[in-house]
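Shown here: upload17.pdb, PDB, C-alpha atoms, pLDDT in the B column.
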ATOM      1  CA  MET A  17      -6.890  13.917  39.057  1.00 82.00           C
ATOM      2  CA  ARG A  18      -8.233  10.386  38.641  1.00 85.00           C
ATOM      3  CA  ALA A  19     -11.787  11.683  38.443  1.00 86.00           C
ATOM      4  CA  ALA A  20     -10.810  14.138  35.705  1.00 83.00           C
ATOM      5  CA  VAL A  21      -9.080  11.397  33.701  1.00 82.00           C
ATOM      6  CA  ARG A  22     -12.083   9.116  34.156  1.00 84.00           C
ATOM      7  CA  ARG A  23     -14.487  11.854  32.976  1.00 85.00           C
ATOM      8  CA  LEU A  24     -12.289  12.562  29.966  1.00 81.00           C
ATOM      9  CA  ARG A  25     -12.151   8.870  29.064  1.00 81.00           C
ATOM     10  CA  GLN A  26     -15.933   8.611  29.371  1.00 80.00           C
ATOM     11  CA  GLN A  27     -16.449  11.713  27.263  1.00 80.00           C
ATOM     12  CA  LEU A  28     -14.057  10.614  24.518  1.00 84.00           C
ATOM     13  CA  GLY A  29     -14.800   6.902  24.464  1.00 86.00           C
ATOM     14  CA  ARG A  30     -12.546   4.442  22.731  1.00 86.00           C
ATOM     15  CA  ARG A  31     -12.857   6.007  19.285  1.00 89.00           C
ATOM     16  CA  GLY A  32     -12.184   9.476  20.677  1.00 91.00           C
ATOM     17  CA  ILE A  33      -9.075   8.301  22.490  1.00 91.00           C
ATOM     18  CA  ALA A  34      -7.828   6.773  19.224  1.00 92.00           C
ATOM     19  CA  LEU A  35      -8.470  10.076  17.430  1.00 94.00           C
ATOM     20  CA  VAL A  36      -6.623  12.065  20.111  1.00 95.00           C
ATOM     21  CA  LEU A  37      -3.602   9.769  19.830  1.00 95.00           C
ATOM     22  CA  LEU A  38      -3.659   9.735  16.026  1.00 95.00           C
ATOM     23  CA  GLY A  39      -4.099  13.500  15.795  1.00 97.00           C
ATOM     24  CA  THR A  40      -1.337  14.231  18.273  1.00 97.00           C
ATOM     25  CA  GLY A  41       1.026  11.882  16.431  1.00 96.00           C
ATOM     26  CA  LYS A  42       0.295  13.471  13.066  1.00 97.00           C
ATOM     27  CA  VAL A  43       0.842  16.990  14.399  1.00 97.00           C
ATOM     28  CA  CYS A  44       4.160  15.941  15.965  1.00 96.00           C
ATOM     29  CA  TYR A  45       5.287  14.157  12.795  1.00 94.00           C
ATOM     30  CA  GLY A  46       4.432  17.145  10.612  1.00 94.00           C
ATOM     31  CA  LEU A  47       6.134  19.577  12.986  1.00 95.00           C
ATOM     32  CA  GLY A  48       9.245  17.419  12.853  1.00 91.00           C
ATOM     33  CA  PHE A  49       9.526  18.116   9.129  1.00 89.00           C
ATOM     34  CA  LEU A  50       8.488  21.763   9.445  1.00 89.00           C
ATOM     35  CA  LEU A  51      11.149  22.509  12.034  1.00 89.00           C
ATOM     36  CA  THR A  52      14.081  20.724  10.372  1.00 83.00           C
ATOM     37  CA  SER A  53      16.363  22.029   7.690  1.00 70.00           C
ATOM     38  CA  ASP A  54      16.336  18.853   5.534  1.00 69.00           C
ATOM     39  CA  PRO A  55      14.864  20.167   2.251  1.00 68.00           C
ATOM     40  CA  GLN A  56      14.451  16.796   0.547  1.00 74.00           C
ATOM     41  CA  PRO A  57      14.032  13.621   2.571  1.00 78.00           C
ATOM     42  CA  PRO A  58      14.865  10.533   0.503  1.00 82.00           C
ATOM     43  CA  GLY A  59      12.014   8.743  -1.201  1.00 85.00           C
ATOM     44  CA  LEU A  60       9.625  11.674  -1.436  1.00 85.00           C
ATOM     45  CA  GLU A  61      10.760  13.007  -4.798  1.00 86.00           C
ATOM     46  CA  ALA A  62       7.323  12.262  -6.260  1.00 86.00           C
ATOM     47  CA  LEU A  63       5.865  14.763  -3.777  1.00 89.00           C
ATOM     48  CA  THR A  64       8.609  17.354  -3.634  1.00 87.00           C
ATOM     49  CA  ARG A  65       8.401  17.839  -7.399  1.00 89.00           C
ATOM     50  CA  TRP A  66       5.011  19.421  -6.817  1.00 90.00           C
ATOM     51  CA  ALA A  67       5.562  21.284  -3.541  1.00 90.00           C
ATOM     52  CA  ASP A  68       8.161  21.910  -0.861  1.00 89.00           C
ATOM     53  CA  ILE A  69       8.460  19.421   2.015  1.00 90.00           C
ATOM     54  CA  ARG A  70       7.152  22.116   4.358  1.00 90.00           C
ATOM     55  CA  CYS A  71       3.915  22.183   2.389  1.00 92.00           C
ATOM     56  CA  TRP A  72       3.557  18.405   2.644  1.00 92.00           C
ATOM     57  CA  SER A  73       4.388  18.443   6.333  1.00 93.00           C
ATOM     58  CA  SER A  74       1.800  21.181   6.858  1.00 95.00           C
ATOM     59  CA  ILE A  75      -0.754  18.713   5.532  1.00 96.00           C
ATOM     60  CA  TRP A  76       0.279  16.306   8.320  1.00 96.00           C
ATOM     61  CA  VAL A  77      -0.263  19.087  10.862  1.00 97.00           C
ATOM     62  CA  ALA A  78      -3.611  20.220   9.413  1.00 98.00           C
ATOM     63  CA  CYS A  79      -4.934  16.654   9.192  1.00 98.00           C
ATOM     64  CA  GLY A  80      -3.683  16.028  12.722  1.00 97.00           C
ATOM     65  CA  VAL A  81      -5.608  19.025  14.014  1.00 98.00           C
ATOM     66  CA  VAL A  82      -8.798  17.846  12.262  1.00 98.00           C
ATOM     67  CA  THR A  83      -8.253  14.327  13.624  1.00 97.00           C
ATOM     68  CA  PHE A  84      -7.645  15.614  17.163  1.00 96.00           C
ATOM     69  CA  GLY A  85     -10.663  17.930  17.012  1.00 95.00           C
ATOM     70  CA  SER A  86     -12.925  15.147  15.780  1.00 94.00           C
ATOM     71  CA  ALA A  87     -12.294  13.198  18.980  1.00 93.00           C
ATOM     72  CA  TRP A  88     -14.958  15.248  20.741  1.00 89.00           C
ATOM     73  CA  LEU A  89     -17.642  14.672  18.113  1.00 89.00           C
ATOM     74  CA  ARG A  90     -20.355  12.055  18.313  1.00 84.00           C
ATOM     75  CA  ILE A  91     -19.886   8.694  16.633  1.00 82.00           C
ATOM     76  CA  GLY A  92     -20.743   9.121  12.981  1.00 81.00           C
ATOM     77  CA  ARG A  93     -19.649  12.734  12.921  1.00 87.00           C
ATOM     78  CA  ASP A  94     -16.144  11.667  13.930  1.00 90.00           C
ATOM     79  CA  ARG A  95     -15.633   9.970  10.561  1.00 90.00           C
ATOM     80  CA  TRP A  96     -13.956  13.109   9.179  1.00 94.00           C
ATOM     81  CA  GLY A  97     -11.263  12.680  11.800  1.00 95.00           C
ATOM     82  CA  PHE A  98     -10.546   9.163  10.580  1.00 96.00           C
ATOM     83  CA  ILE A  99     -10.588  10.326   6.959  1.00 96.00           C
ATOM     84  CA  ALA A 100      -8.197  13.179   7.787  1.00 97.00           C
ATOM     85  CA  ALA A 101      -5.962  10.723   9.641  1.00 97.00           C
ATOM     86  CA  MET A 102      -5.646   8.571   6.513  1.00 96.00           C
ATOM     87  CA  VAL A 103      -4.774  11.309   4.024  1.00 97.00           C
ATOM     88  CA  PRO A 104      -1.091  11.989   4.866  1.00 97.00           C
ATOM     89  CA  PRO A 105       0.057   8.371   5.286  1.00 96.00           C
ATOM     90  CA  PHE A 106      -1.848   7.371   2.154  1.00 96.00           C
ATOM     91  CA  VAL A 107      -0.208  10.118   0.080  1.00 95.00           C
ATOM     92  CA  TRP A 108       3.269   9.568   1.528  1.00 94.00           C
ATOM     93  CA  GLY A 109       2.972   5.781   1.307  1.00 95.00           C
ATOM     94  CA  ALA A 110       2.003   6.093  -2.358  1.00 95.00           C
ATOM     95  CA  ALA A 111       5.004   8.373  -2.952  1.00 94.00           C
ATOM     96  CA  PHE A 112       7.361   5.861  -1.338  1.00 94.00           C
ATOM     97  CA  LEU A 113       5.867   3.033  -3.406  1.00 95.00           C
ATOM     98  CA  TRP A 114       6.291   5.123  -6.554  1.00 94.00           C
ATOM     99  CA  GLY A 115       9.893   5.822  -5.565  1.00 93.00           C
ATOM    100  CA  ALA A 116      10.519   2.091  -5.261  1.00 94.00           C
ATOM    101  CA  LEU A 117       8.844   1.281  -8.586  1.00 94.00           C
ATOM    102  CA  THR A 118      10.843   3.942 -10.435  1.00 92.00           C
ATOM    103  CA  GLY A 119      14.098   2.932  -8.773  1.00 91.00           C
ATOM    104  CA  GLU A 120      14.596   6.287  -7.007  1.00 89.00           C
ATOM    105  CA  PHE A 121      14.204   4.834  -3.506  1.00 91.00           C
ATOM    106  CA  ALA A 122      14.949   1.150  -3.001  1.00 90.00           C
ATOM    107  CA  ARG A 123      13.504   1.075   0.535  1.00 92.00           C
ATOM    108  CA  GLY A 124      10.218   2.469  -0.773  1.00 93.00           C
ATOM    109  CA  VAL A 125       8.372  -0.861  -0.736  1.00 95.00           C
ATOM    110  CA  ALA A 126       9.237  -1.442   2.918  1.00 95.00           C
ATOM    111  CA  THR A 127       8.265   2.102   3.844  1.00 93.00           C
ATOM    112  CA  PHE A 128       5.038   1.749   1.874  1.00 95.00           C
ATOM    113  CA  GLY A 129       4.294  -1.476   3.750  1.00 95.00           C
ATOM    114  CA  TRP A 130       4.915   0.277   7.057  1.00 94.00           C
ATOM    115  CA  TYR A 131       2.520   3.116   6.164  1.00 95.00           C
ATOM    116  CA  ALA A 132      -0.071   0.660   4.852  1.00 95.00           C
ATOM    117  CA  THR A 133      -0.107  -1.483   7.983  1.00 95.00           C
ATOM    118  CA  SER A 134       0.846   0.664  10.947  1.00 92.00           C
ATOM    119  CA  HIS A 135      -0.968   3.755   9.722  1.00 93.00           C
ATOM    120  CA  ILE A 136      -3.729   3.024   7.233  1.00 95.00           C
ATOM    121  CA  GLY A 137      -4.572  -0.413   8.620  1.00 94.00           C
ATOM    122  CA  MET A 138      -4.683   0.770  12.210  1.00 94.00           C
ATOM    123  CA  ILE A 139      -6.784   3.823  11.307  1.00 95.00           C
ATOM    124  CA  LEU A 140      -9.271   1.647   9.424  1.00 94.00           C
ATOM    125  CA  TRP A 141      -9.431  -0.735  12.374  1.00 93.00           C
ATOM    126  CA  ALA A 142      -9.935   2.091  14.896  1.00 91.00           C
ATOM    127  CA  SER A 143     -12.655   3.640  12.745  1.00 91.00           C
ATOM    128  CA  ALA A 144     -14.571   0.361  12.751  1.00 90.00           C
ATOM    129  CA  VAL A 145     -14.450  -0.120  16.531  1.00 81.00           C
ATOM    130  CA  PRO A 146     -17.893   0.504  17.978  1.00 79.00           C
ATOM    131  CA  GLU A 147     -18.077   2.054  21.432  1.00 72.00           C
ATOM    132  CA  TYR A 148     -20.365  -0.658  22.759  1.00 66.00           C
ATOM    133  CA  SER A 149     -18.471  -3.753  21.562  1.00 54.00           C
ATOM    134  CA  VAL A 150     -16.661  -4.536  24.801  1.00 52.00           C
ATOM    135  CA  PRO A 151     -18.835  -5.721  27.679  1.00 54.00           C
ATOM    136  CA  HIS A 152     -18.646  -3.804  30.930  1.00 57.00           C
ATOM    137  CA  PRO A 153     -16.446  -5.414  33.570  1.00 63.00           C
ATOM    138  CA  ALA A 154     -18.221  -7.634  36.043  1.00 65.00           C
ATOM    139  CA  PRO A 155     -18.775  -6.030  39.429  1.00 70.00           C
ATOM    140  CA  ARG A 156     -16.309  -6.999  42.120  1.00 71.00           C
ATOM    141  CA  ARG A 157     -17.405  -9.375  44.788  1.00 72.00           C
ATOM    142  CA  GLY A 158     -18.923  -7.665  47.727  1.00 66.00           C
ATOM    143  CA  THR A 159     -19.758  -4.457  45.853  1.00 58.00           C
ATOM    144  CA  ARG A 160     -23.353  -3.735  44.974  1.00 55.00           C
TER
END

What does the file become when written as structure tokens?
Amino acid sequence: MRAAVRRLRQQLGRRGIALVLLGTGKVCYGLGFLLTSDPQPPGLEALTRWADIRCWSSIWVACGVVTFGSAWLRIGRDRWGFIAAMVPPFVWGAAFLWGALTGEFARGVATFGWYATSHIGMILWASAVPEYSVPHPAPRRGTR
């Protein structure tokens, strides 16, 4: 089991692991809205005027699948995974900000700030992390 995990980590690298985690999270988040009966979550009126919440949550799932699938691509080609990861939180964050500015959702600024930092900011950071930036650990004493 350890060997399989080690091989997977080597194959994915740090950027790939970030894409797997981001993609899985986006799929789960989107499924949470797809499988619930809440037709209009508060603060998303700017989006639900144009399409049903199930449509918007399907975008989370689709972008999550693209993000997850991009984990196995080479560096450079994985950029579409990071772009796909940013689309849903960018759109939803903008909707929450709009809700706050129009007075429809007072908590919108805080929710926008959460999307901007914990989603967009972290995705941008992860996309800029090169695979080779961390030095390899020093060999243990007595092993060579």

Enumerate, in order of chain and increasing residue number, the residues of range 32-91 of chain A with an atom no farther than 10 Å from range 112-134 of chain A, each with its shortest atom pair and distance in Å to one decimal, counting only C-alpha atoms, as a Markdown table.
| residue | atom | partner | partner_atom | distance |
| --- | --- | --- | --- | --- |
| A:Pro58 | CA | A:Phe121 | CA | 7.0 |
| A:Gly59 | CA | A:Phe121 | CA | 5.0 |
| A:Leu60 | CA | A:Phe112 | CA | 6.2 |
| A:Glu61 | CA | A:Gly115 | CA | 7.3 |
| A:Ala62 | CA | A:Gly115 | CA | 7.0 |
| A:Leu63 | CA | A:Phe112 | CA | 9.4 |

Inset, instruction - Identify the residues within 8 Å of coordinate (0.0, 18.4, 14.4) (same frame as the file), considering only C-alpha atoms, and give the answer as number ranges by chain. - result: A: 39-47, 76-81

Inset, instruction - Report the distance between CA of Trp141 in chain A and CA of Arg93 in chain A in Å, rounded to one decimal place. - result: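 Between CA of Trp141 in chain A and CA of Arg93 in chain A the gap is 16.9 Å.
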
Legend entry - Surrounding residues of Asp94 in chain A excluding itself and chain neighbours under 2 positions, 10 Å, only C-alpha atoms, as a list in words: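 Counting only the stated atoms, we get Arg31, Gly32, Leu35, Val82, Thr83, Phe84, Gly85, Ser86, Ala87, Trp88, Leu89, Arg90, Ile91, Gly92, Trp96, Gly97, Phe98, Ile99 and Ser143 of chain A.
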
Write a file of the just-selected residues containing C-alpha atoms, as a short mmCIF file (atom, residue, chain, number, x, y, z; two decimals), in the coordinates of the input.
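Output file selection.cif follows:
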data_model
loop_
_atom_site.label_atom_id
_atom_site.label_comp_id
_atom_site.auth_asym_id
_atom_site.auth_seq_id
_atom_site.Cartn_x
_atom_site.Cartn_y
_atom_site.Cartn_z
CA ARG A 31 -12.86 6.01 19.28
CA GLY A 32 -12.18 9.48 20.68
CA LEU A 35 -8.47 10.08 17.43
CA VAL A 82 -8.80 17.85 12.26
CA THR A 83 -8.25 14.33 13.62
CA PHE A 84 -7.64 15.61 17.16
CA GLY A 85 -10.66 17.93 17.01
CA SER A 86 -12.92 15.15 15.78
CA ALA A 87 -12.29 13.20 18.98
CA TRP A 88 -14.96 15.25 20.74
CA LEU A 89 -17.64 14.67 18.11
CA ARG A 90 -20.36 12.06 18.31
CA ILE A 91 -19.89 8.69 16.63
CA GLY A 92 -20.74 9.12 12.98
CA TRP A 96 -13.96 13.11 9.18
CA GLY A 97 -11.26 12.68 11.80
CA PHE A 98 -10.55 9.16 10.58
CA ILE A 99 -10.59 10.33 6.96
CA SER A 143 -12.66 3.64 12.74
#

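For the pair CA of Ala34 in chain A and CA of Ile139 in chain A, the interatomic distance is 8.5 Å.
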
Inset, instruction - Record the distance separating CA of Phe49 in chain A and CA of Ser73 in chain A, expressed in Å with one decimal. - result: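 About the pair CA of Phe49 in chain A and CA of Ser73 in chain A: they are 5.9 Å apart.
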
Legend entry - Nearest to Pro57 in chain A by atom-to-atom distance, counting only C-alpha atoms, from A:Glu147, A:Ala111, A:Arg157, A:Ala101: A:Ala111

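Remark: for Arg95 in chain A, the closest of the candidate residues A:Gly29, A:Ser53, A:Asp68, A:Ala142 is A:Ala142 (distances computed over all atoms listed in the file).
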